[in-house]
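Below is input_34.pdb, which holds PDB, C-alpha atoms and all ligand atoms.
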ATOM      1  CA  MET A   1     106.145  82.958  66.459
ATOM      2  CA  ALA A   2     105.516  84.156  69.993
ATOM      3  CA  ARG A   3     107.486  87.218  71.037
ATOM      4  CA  VAL A   4     110.152  86.674  73.682
ATOM      5  CA  ALA A   5     110.004  88.655  76.942
ATOM      6  CA  LEU A   6     112.816  88.745  79.510
ATOM      7  CA  VAL A   7     111.884  89.846  83.032
ATOM      8  CA  THR A   8     114.663  90.679  85.506
ATOM      9  CA  GLY A   9     113.841  89.675  89.060
ATOM     10  CA  GLY A  10     111.093  87.727  87.340
ATOM     11  CA  SER A  11     110.603  84.834  89.738
ATOM     12  CA  ARG A  12     109.407  86.681  92.856
ATOM     13  CA  GLY A  13     107.180  89.575  93.849
ATOM     14  CA  ILE A  14     106.021  92.000  91.169
ATOM     15  CA  GLY A  15     108.371  90.355  88.659
ATOM     16  CA  ALA A  16     106.716  86.954  89.082
ATOM     17  CA  SER A  17     103.313  88.517  88.403
ATOM     18  CA  ILE A  18     104.730  90.249  85.326
ATOM     19  CA  SER A  19     106.224  86.979  84.037
ATOM     20  CA  LYS A  20     102.911  85.157  84.513
ATOM     21  CA  ALA A  21     100.840  87.930  82.917
ATOM     22  CA  LEU A  22     103.126  88.045  79.868
ATOM     23  CA  GLN A  23     102.961  84.260  79.570
ATOM     24  CA  ALA A  24      99.151  84.429  79.731
ATOM     25  CA  ALA A  25      99.250  87.103  77.005
ATOM     26  CA  GLY A  26     101.099  84.689  74.702
ATOM     27  CA  TYR A  27     104.758  85.636  75.141
ATOM     28  CA  THR A  28     107.589  83.176  75.572
ATOM     29  CA  VAL A  29     108.983  84.338  78.908
ATOM     30  CA  ALA A  30     112.428  84.085  80.519
ATOM     31  CA  ALA A  31     112.738  85.098  84.173
ATOM     32  CA  ASN A  32     116.089  86.258  85.529
ATOM     33  CA  TYR A  33     116.856  86.230  89.262
ATOM     34  CA  ALA A  34     119.820  86.953  91.534
ATOM     35  CA  GLY A  35     120.247  84.210  94.095
ATOM     36  CA  ASN A  36     117.026  82.820  95.537
ATOM     37  CA  ASP A  37     117.249  79.357  93.930
ATOM     38  CA  ASP A  38     114.359  77.906  95.951
ATOM     39  CA  ALA A  39     111.946  80.614  94.819
ATOM     40  CA  ALA A  40     113.125  80.230  91.224
ATOM     41  CA  ALA A  41     112.678  76.445  91.279
ATOM     42  CA  ALA A  42     109.198  76.750  92.802
ATOM     43  CA  PHE A  43     108.297  79.387  90.202
ATOM     44  CA  THR A  44     109.409  77.179  87.294
ATOM     45  CA  ALA A  45     107.549  74.206  88.758
ATOM     46  CA  GLU A  46     104.384  76.306  88.996
ATOM     47  CA  THR A  47     104.565  78.086  85.644
ATOM     48  CA  GLY A  48     106.927  76.195  83.345
ATOM     49  CA  ILE A  49     108.792  79.486  82.823
ATOM     50  CA  LYS A  50     112.556  79.031  82.481
ATOM     51  CA  THR A  51     114.659  80.929  85.040
ATOM     52  CA  TYR A  52     118.188  82.288  84.576
ATOM     53  CA  LYS A  53     120.494  83.289  87.404
ATOM     54  CA  TRP A  54     122.786  86.305  87.173
ATOM     55  CA  SER A  55     123.152  89.707  88.794
ATOM     56  CA  VAL A  56     121.948  92.690  86.801
ATOM     57  CA  ALA A  57     124.673  94.657  88.589
ATOM     58  CA  ASP A  58     127.330  92.782  86.558
ATOM     59  CA  TYR A  59     127.550  93.923  82.907
ATOM     60  CA  ASP A  60     129.429  90.885  81.633
ATOM     61  CA  ALA A  61     127.038  88.523  83.408
ATOM     62  CA  CYS A  62     124.105  90.345  81.793
ATOM     63  CA  ALA A  63     125.630  90.057  78.313
ATOM     64  CA  ALA A  64     126.317  86.349  78.821
ATOM     65  CA  GLY A  65     122.886  85.711  80.371
ATOM     66  CA  ILE A  66     121.069  87.499  77.559
ATOM     67  CA  ALA A  67     123.072  85.510  74.984
ATOM     68  CA  GLN A  68     121.985  82.301  76.718
ATOM     69  CA  VAL A  69     118.311  83.356  76.771
ATOM     70  CA  GLU A  70     118.479  84.264  73.079
ATOM     71  CA  ALA A  71     120.154  80.939  72.222
ATOM     72  CA  ASP A  72     117.391  79.079  74.085
ATOM     73  CA  LEU A  73     114.324  81.101  73.134
ATOM     74  CA  GLY A  74     115.188  83.543  70.339
ATOM     75  CA  PRO A  75     115.835  87.298  70.243
ATOM     76  CA  VAL A  76     114.443  89.306  73.145
ATOM     77  CA  ASP A  77     111.600  91.527  71.913
ATOM     78  CA  VAL A  78     110.444  92.777  75.304
ATOM     79  CA  LEU A  79     112.715  93.618  78.239
ATOM     80  CA  ILE A  80     111.260  94.280  81.665
ATOM     81  CA  ASN A  81     113.807  95.905  83.988
ATOM     82  CA  ASN A  82     112.151  94.925  87.246
ATOM     83  CA  ALA A  83     114.988  93.721  89.519
ATOM     84  CA  GLY A  84     115.492  96.045  92.447
ATOM     85  CA  ILE A  85     116.698  96.243  96.028
ATOM     86  CA  THR A  86     116.468  98.595  98.996
ATOM     87  CA  ARG A  87     119.245  99.435 101.455
ATOM     88  CA  ASP A  88     117.486 102.085 103.536
ATOM     89  CA  ALA A  89     119.170 104.406 106.018
ATOM     90  CA  PRO A  90     118.877 108.065 106.922
ATOM     91  CA  PHE A  91     121.547 109.865 104.939
ATOM     92  CA  HIS A  92     123.795 110.625 107.911
ATOM     93  CA  LYS A  93     123.973 106.874 108.550
ATOM     94  CA  MET A  94     124.030 105.691 104.925
ATOM     95  CA  THR A  95     127.226 103.876 104.024
ATOM     96  CA  ARG A  96     128.978 104.074 100.669
ATOM     97  CA  GLU A  97     128.224 100.381 100.291
ATOM     98  CA  GLN A  98     124.471 100.977 100.739
ATOM     99  CA  TRP A  99     124.637 103.742  98.144
ATOM    100  CA  THR A 100     126.668 101.718  95.654
ATOM    101  CA  GLN A 101     124.670  98.503  95.961
ATOM    102  CA  VAL A 102     121.408 100.285  95.202
ATOM    103  CA  MET A 103     122.848 102.324  92.326
ATOM    104  CA  ASP A 104     124.539  99.233  90.842
ATOM    105  CA  THR A 105     121.339  97.181  90.872
ATOM    106  CA  ASN A 106     118.536  99.702  90.399
ATOM    107  CA  LEU A 107     120.180 102.105  87.937
ATOM    108  CA  SER A 108     123.306 100.566  86.396
ATOM    109  CA  GLY A 109     121.413  97.264  86.235
ATOM    110  CA  VAL A 110     118.983  98.909  83.818
ATOM    111  CA  PHE A 111     121.891 100.049  81.625
ATOM    112  CA  ASN A 112     123.589  96.652  81.891
ATOM    113  CA  MET A 113     120.465  94.852  80.676
ATOM    114  CA  THR A 114     119.279  97.292  78.033
ATOM    115  CA  HIS A 115     122.657  97.958  76.389
ATOM    116  CA  PRO A 116     123.339  94.409  75.070
ATOM    117  CA  ILE A 117     119.714  93.983  73.917
ATOM    118  CA  TRP A 118     119.425  97.378  72.174
ATOM    119  CA  PRO A 119     121.387  96.669  68.922
ATOM    120  CA  GLY A 120     119.212  93.632  68.088
ATOM    121  CA  MET A 121     116.011  95.598  68.668
ATOM    122  CA  ARG A 122     117.316  98.364  66.374
ATOM    123  CA  GLU A 123     118.114  95.844  63.654
ATOM    124  CA  ARG A 124     114.734  94.129  63.917
ATOM    125  CA  LYS A 125     112.918  97.492  64.139
ATOM    126  CA  PHE A 126     110.873  96.390  67.114
ATOM    127  CA  GLY A 127     111.345  96.472  70.835
ATOM    128  CA  ARG A 128     109.768  97.219  74.162
ATOM    129  CA  ILE A 129     111.829  98.377  77.154
ATOM    130  CA  ILE A 130     109.771  98.708  80.331
ATOM    131  CA  THR A 131     111.450  99.715  83.571
ATOM    132  CA  ILE A 132     109.872  99.448  87.002
ATOM    133  CA  SER A 133     110.749 102.695  88.741
ATOM    134  CA  SER A 134     108.934 103.785  91.913
ATOM    135  CA  ILE A 135     106.760 106.461  93.468
ATOM    136  CA  ASN A 136     109.813 107.212  95.601
ATOM    137  CA  GLY A 137     111.779 108.114  92.486
ATOM    138  CA  GLN A 138     109.090 110.714  91.782
ATOM    139  CA  LYS A 139     108.616 112.215  95.216
ATOM    140  CA  GLY A 140     111.665 111.169  97.266
ATOM    141  CA  GLN A 141     111.437 109.204 100.513
ATOM    142  CA  PHE A 142     113.014 109.565 103.945
ATOM    143  CA  ALA A 143     115.930 107.135 104.387
ATOM    144  CA  GLN A 144     115.956 106.349 100.663
ATOM    145  CA  ALA A 145     118.339 108.906  99.133
ATOM    146  CA  ASN A 146     120.027 106.009  97.316
ATOM    147  CA  TYR A 147     116.809 104.320  96.144
ATOM    148  CA  SER A 148     115.050 107.575  95.210
ATOM    149  CA  ALA A 149     118.082 108.750  93.215
ATOM    150  CA  ALA A 150     118.346 105.467  91.323
ATOM    151  CA  LYS A 151     114.624 105.287  90.586
ATOM    152  CA  ALA A 152     114.539 108.931  89.430
ATOM    153  CA  GLY A 153     117.519 108.049  87.227
ATOM    154  CA  ASP A 154     115.472 105.244  85.665
ATOM    155  CA  ILE A 155     112.871 107.804  84.588
ATOM    156  CA  GLY A 156     115.519 110.065  83.000
ATOM    157  CA  PHE A 157     117.038 107.044  81.248
ATOM    158  CA  THR A 158     113.595 106.114  79.911
ATOM    159  CA  LYS A 159     112.868 109.577  78.535
ATOM    160  CA  ALA A 160     116.250 109.873  76.813
ATOM    161  CA  LEU A 161     116.265 106.388  75.323
ATOM    162  CA  ALA A 162     112.684 106.734  74.072
ATOM    163  CA  GLN A 163     113.917 109.491  71.771
ATOM    164  CA  GLU A 164     116.654 107.239  70.396
ATOM    165  CA  GLY A 165     114.368 104.247  69.859
ATOM    166  CA  ALA A 166     111.413 106.063  68.346
ATOM    167  CA  ARG A 167     112.409 105.796  64.693
ATOM    168  CA  ASN A 168     113.301 102.124  65.055
ATOM    169  CA  GLY A 169     109.996 100.843  66.419
ATOM    170  CA  ILE A 170     111.309 100.627  69.975
ATOM    171  CA  THR A 171     109.268 102.105  72.796
ATOM    172  CA  VAL A 172     110.811 102.830  76.180
ATOM    173  CA  ASN A 173     108.578 103.417  79.180
ATOM    174  CA  ALA A 174     108.616 103.349  82.965
ATOM    175  CA  ILE A 175     106.049 102.354  85.540
ATOM    176  CA  CYS A 176     106.032 103.954  88.967
ATOM    177  CA  PRO A 177     104.246 101.677  91.416
ATOM    178  CA  GLY A 178     103.145 102.972  94.766
ATOM    179  CA  TYR A 179     103.219 100.538  97.653
ATOM    180  CA  ILE A 180     102.574  96.978  96.471
ATOM    181  CA  ALA A 181     102.022  93.959  98.720
ATOM    182  CA  THR A 182     105.274  92.051  98.096
ATOM    183  CA  GLU A 183     107.970  90.736 100.419
ATOM    184  CA  MET A 184     109.825  94.064 100.006
ATOM    185  CA  VAL A 185     106.909  95.953 101.561
ATOM    186  CA  MET A 186     105.771  93.231 103.962
ATOM    187  CA  ALA A 187     109.308  93.357 105.457
ATOM    188  CA  VAL A 188     108.576  96.897 106.664
ATOM    189  CA  PRO A 189     107.503  96.937 110.372
ATOM    190  CA  GLU A 190     103.714  96.564 110.713
ATOM    191  CA  LYS A 191     103.257  99.989 112.336
ATOM    192  CA  VAL A 192     105.075 101.702 109.479
ATOM    193  CA  ARG A 193     103.043  99.683 106.958
ATOM    194  CA  GLU A 194      99.795 100.787 108.600
ATOM    195  CA  SER A 195     100.839 104.406 108.411
ATOM    196  CA  ILE A 196     101.745 103.924 104.734
ATOM    197  CA  ILE A 197      98.294 102.468 104.016
ATOM    198  CA  GLY A 198      96.754 105.434 105.819
ATOM    199  CA  GLN A 199      98.333 107.713 103.200
ATOM    200  CA  ILE A 200      96.936 105.793 100.216
ATOM    201  CA  PRO A 201      93.601 107.284  99.072
ATOM    202  CA  VAL A 202      92.214 103.917  97.919
ATOM    203  CA  GLY A 203      92.949 102.587 101.436
ATOM    204  CA  ARG A 204      94.971  99.500 100.552
ATOM    205  CA  LEU A 205      98.277  98.317  99.138
ATOM    206  CA  GLY A 206      98.406  97.587  95.430
ATOM    207  CA  GLU A 207      98.496  94.024  94.108
ATOM    208  CA  PRO A 208     101.440  92.869  91.943
ATOM    209  CA  GLU A 209      98.948  91.910  89.225
ATOM    210  CA  GLU A 210      97.904  95.551  88.960
ATOM    211  CA  ILE A 211     101.444  96.448  87.883
ATOM    212  CA  ALA A 212     101.668  93.394  85.623
ATOM    213  CA  ARG A 213      98.595  94.545  83.685
ATOM    214  CA  CYS A 214     100.288  97.909  82.988
ATOM    215  CA  VAL A 215     103.305  96.007  81.658
ATOM    216  CA  VAL A 216     101.181  93.861  79.346
ATOM    217  CA  PHE A 217      99.615  97.006  77.906
ATOM    218  CA  LEU A 218     102.972  98.745  77.339
ATOM    219  CA  ALA A 219     104.397  95.612  75.699
ATOM    220  CA  SER A 220     101.484  95.301  73.271
ATOM    221  CA  ASP A 221     101.188  96.589  69.708
ATOM    222  CA  ASP A 222      98.324  98.773  70.971
ATOM    223  CA  ALA A 223     100.870 100.835  72.929
ATOM    224  CA  GLY A 224     103.051 101.697  69.909
ATOM    225  CA  PHE A 225     102.427 105.440  70.325
ATOM    226  CA  VAL A 226     103.218 105.417  74.050
ATOM    227  CA  THR A 227     106.909 106.060  74.556
ATOM    228  CA  GLY A 228     109.031 108.067  76.986
ATOM    229  CA  SER A 229     106.135 107.961  79.397
ATOM    230  CA  THR A 230     105.699 106.983  83.009
ATOM    231  CA  ILE A 231     102.607 105.136  84.152
ATOM    232  CA  THR A 232     101.875 106.061  87.724
ATOM    233  CA  ALA A 233     100.017 103.312  89.614
ATOM    234  CA  ASN A 234      99.835 104.211  93.286
ATOM    235  CA  GLY A 235      96.243 104.259  94.493
ATOM    236  CA  GLY A 236      95.963 108.024  94.117
ATOM    237  CA  GLN A 237      98.783 108.761  96.539
ATOM    238  CA  TYR A 238     100.872 111.064  94.423
ATOM    239  CA  PHE A 239     100.163 112.626  91.052
ATOM    240  CA  ILE A 240     102.737 113.337  88.371
TER     241      ILE A 240
HETATM  242  P1  LIG B 301     111.154  91.643  95.712
HETATM  243  O1  LIG B 301     112.184  91.939  96.729
HETATM  244  O2  LIG B 301     109.919  90.923  96.092
HETATM  245  O3  LIG B 301     111.835  90.880  94.485
HETATM  246  C1  LIG B 301     112.986  91.416  93.922
HETATM  247  C2  LIG B 301     113.396  90.585  92.735
HETATM  248  O4  LIG B 301     114.566  91.207  92.154
HETATM  249  C3  LIG B 301     113.782  89.184  93.096
HETATM  250  O5  LIG B 301     113.374  88.312  92.060
HETATM  251  C4  LIG B 301     115.304  89.231  93.166
HETATM  252  O6  LIG B 301     115.938  88.006  92.845
HETATM  253  C5  LIG B 301     115.577  90.229  92.069
HETATM  254  N1  LIG B 301     116.879  90.855  92.206
HETATM  255  C6  LIG B 301     117.361  91.614  93.234
HETATM  256  N2  LIG B 301     118.624  91.984  92.984
HETATM  257  C7  LIG B 301     118.953  91.453  91.766
HETATM  258  C8  LIG B 301     120.113  91.457  90.963
HETATM  259  N3  LIG B 301     121.222  92.102  91.336
HETATM  260  N4  LIG B 301     120.094  90.777  89.791
HETATM  261  C9  LIG B 301     118.985  90.124  89.385
HETATM  262  N5  LIG B 301     117.855  90.084  90.095
HETATM  263  C10 LIG B 301     117.840  90.736  91.278
HETATM  264  O7  LIG B 301     110.801  93.076  95.061
HETATM  265  P2  LIG B 301     109.421  93.652  94.496
HETATM  266  O8  LIG B 301     108.731  92.639  93.688
HETATM  267  O9  LIG B 301     108.714  94.309  95.601
HETATM  268  O10 LIG B 301     109.978  94.831  93.570
HETATM  269  C11 LIG B 301     110.154  94.660  92.178
HETATM  270  C12 LIG B 301     110.523  96.012  91.575
HETATM  271  O11 LIG B 301     109.478  96.951  91.829
HETATM  272  C13 LIG B 301     111.788  96.625  92.184
HETATM  273  O12 LIG B 301     112.528  97.298  91.182
HETATM  274  C14 LIG B 301     111.240  97.608  93.199
HETATM  275  O13 LIG B 301     112.155  98.644  93.457
HETATM  276  C15 LIG B 301     110.005  98.094  92.468
HETATM  277  N6  LIG B 301     108.987  98.655  93.331
HETATM  278  C16 LIG B 301     108.390  97.916  94.311
HETATM  279  C17 LIG B 301     107.413  98.470  95.089
HETATM  280  C18 LIG B 301     106.713  97.689  96.127
HETATM  281  O14 LIG B 301     105.871  98.295  96.825
HETATM  282  N7  LIG B 301     106.957  96.413  96.311
HETATM  283  C19 LIG B 301     106.995  99.867  94.924
HETATM  284  C20 LIG B 301     107.658 100.551  93.852
HETATM  285  C21 LIG B 301     108.616  99.956  93.101
HETATM  286  P3  LIG B 301     115.991  86.790  93.948
HETATM  287  O15 LIG B 301     114.622  86.181  93.924
HETATM  288  O16 LIG B 301     117.042  85.900  93.457
HETATM  289  O17 LIG B 301     116.321  87.448  95.265
END
Let me see whether you can do it: turn the structure in this file into structure tokens.
Ligand code: NDP
Amino acid sequence: MARVALVTGGSRGIGASISKALQAAGYTVAANYAGNDDAAAAFTAETGIKTYKWSVADYDACAAGIAQVEADLGPVDVLINNAGITRDAPFHKMTREQWTQVMDTNLSGVFNMTHPIWPGMRERKFGRIITISSINGQKGQFAQANYSAAKAGDIGFTKALAQEGARNGITVNAICPGYIATEMVMAVPEKVRESIIGQIPVGRLGEPEEIARCVVFLASDDAGFVTGSTITANGGQYFI
């Protein structure tokens, strides 16, 4: 039987590429999303991948959504914590709401999704948890105290949980993309984007598929000895 992979934020951007790459690698894929029904419908029409709407920021909604996915497709073997948002502002202008929204989605969302799935993975003695962190969680970024803190938190979460999963066949890893050509980055003013590209040694933005290929590797049986690690994929911009 094909393994089941659940991708949060899996119908747009990097998540859509991850969903497609996992499908191509033979997984049965479920793609969660937050609210963009048109994008989700277009994605399902294109790929045949079932989409499920809930917010990763809501624990109860995650538990119910996961239960629905498992009823439809079977136990989740591979969880990709990809959903993420930005609410950028220099710290002196950052509101509590901007802080809380980013922490709730980008950090607590990872807890909310992993926690209900974890007991089943422990019982079945197999699991893959892969969280999409960010270069800005490694190095910090101006006007992203909220985002950088949450993404750094994802790396700490990954390292701690890897130790707990190791004896039960569960690997837990993070990927830190640099700047990838998705709507999130294309929304940045063109001048800022050009200056970002100027700082990337390979001289271009990354493609979502380049992150998806890292995910497929980490999800595979070949990656069974890779756990608690962070794959850095940023065009040579920052090394850690
Ligand atoms: P996009 O903005 O293109 O897509 C974000 C996806 O996350 C959408 O599918 C969106 O759903 C979903 N989402 C947002 N909030 C929630 C929520 N509360 N519950 C469920 N789903 C949610 O982002 P990217 O593809 O660019 O980014 C994907 C991940 O990669 C993020 O975690 C981001 O931080 C990280 N990243 C991105 C980089 C980049 O350069 N693009 C660089 C480094 C990291 P909907 O479609 O319904 O809106």
Check: Which protein, DNA or RNA residues have an atom within 7 Å of ligand LIG 301 (chain B), counting only C-alpha atoms and all ligand atoms, as an MDAnalysis selection string?
Finding: chainID A and resid 8:15 32:37 39:40 54:57 82:85 105:106 132:135 176:185
Next item on the list: List the neighbours of Ile18 in chain A out to 8 Å using all atoms listed in the file; skip same-chain residues closer than 6 positions along the sequence, and give me the result as a PyMOL selection string.
Entry: chain A and resi 7+10+208-209+211-213+215-216
Note to self: With the PyMOL selection byres (((chain A and resi 137) around 7) and not hetatm) as the selection, what would be picked from this file? Answer as a ChimeraX atom specification, please.
What the structure shows: /A:133-136,138-140,148-149,151-152
Print the selection's residues with C-alpha atoms to a file, as a tab-separated table (two decimals), in the frame of the given file.
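After the write, out_13.tsv holds the following:
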chain	number	residue	atom	x	y	z
A	133	SER	CA	110.75	102.70	88.74
A	134	SER	CA	108.93	103.78	91.91
A	135	ILE	CA	106.76	106.46	93.47
A	136	ASN	CA	109.81	107.21	95.60
A	138	GLN	CA	109.09	110.71	91.78
A	139	LYS	CA	108.62	112.22	95.22
A	140	GLY	CA	111.66	111.17	97.27
A	148	SER	CA	115.05	107.58	95.21
A	149	ALA	CA	118.08	108.75	93.22
A	151	LYS	CA	114.62	105.29	90.59
A	152	ALA	CA	114.54	108.93	89.43
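Applied to the shown file, the PyMOL selection byres (((chain A and resi 165) around 10) and not hetatm) selects the residues Trp118, Met121, Arg122, Lys125, Phe126, Gly127, Arg128, Ile129, Ala160, Leu161, Ala162, Gln163, Glu164, Ala166, Arg167, Asn168, Gly169, Ile170, Thr171, Val172, Thr227 and Gly228 of chain A.
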Applying 9 Å and only C-alpha atoms, which residues near Cys214 in chain A remain after dropping the ones on its own chain fewer than 6 positions away? List them as a compact mmCIF listing (two decimals) with C-alpha atoms, in the frame of the given file.
# COMPACT_ATOMS: atom_id res chain seq x y z
CA ILE A 175 106.05 102.35 85.54
CA ILE A 231 102.61 105.14 84.15
CA ALA A 233 100.02 103.31 89.61
Margin query: Using only C-alpha atoms, can you tell me which of A:Gly26, A:Pro201, A:Gly224, A:Gly156 comes closest to Phe111 in chain A?
Written below: A:Gly156
Item checked: Nearest residue to Ile80 in chain A from the set A:Trp99, A:Met1, A:Met113, A:Ser108 (distances using all atoms listed in the file) ->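 Answer, going by the shortest atom-to-atom distance: A:Met113.
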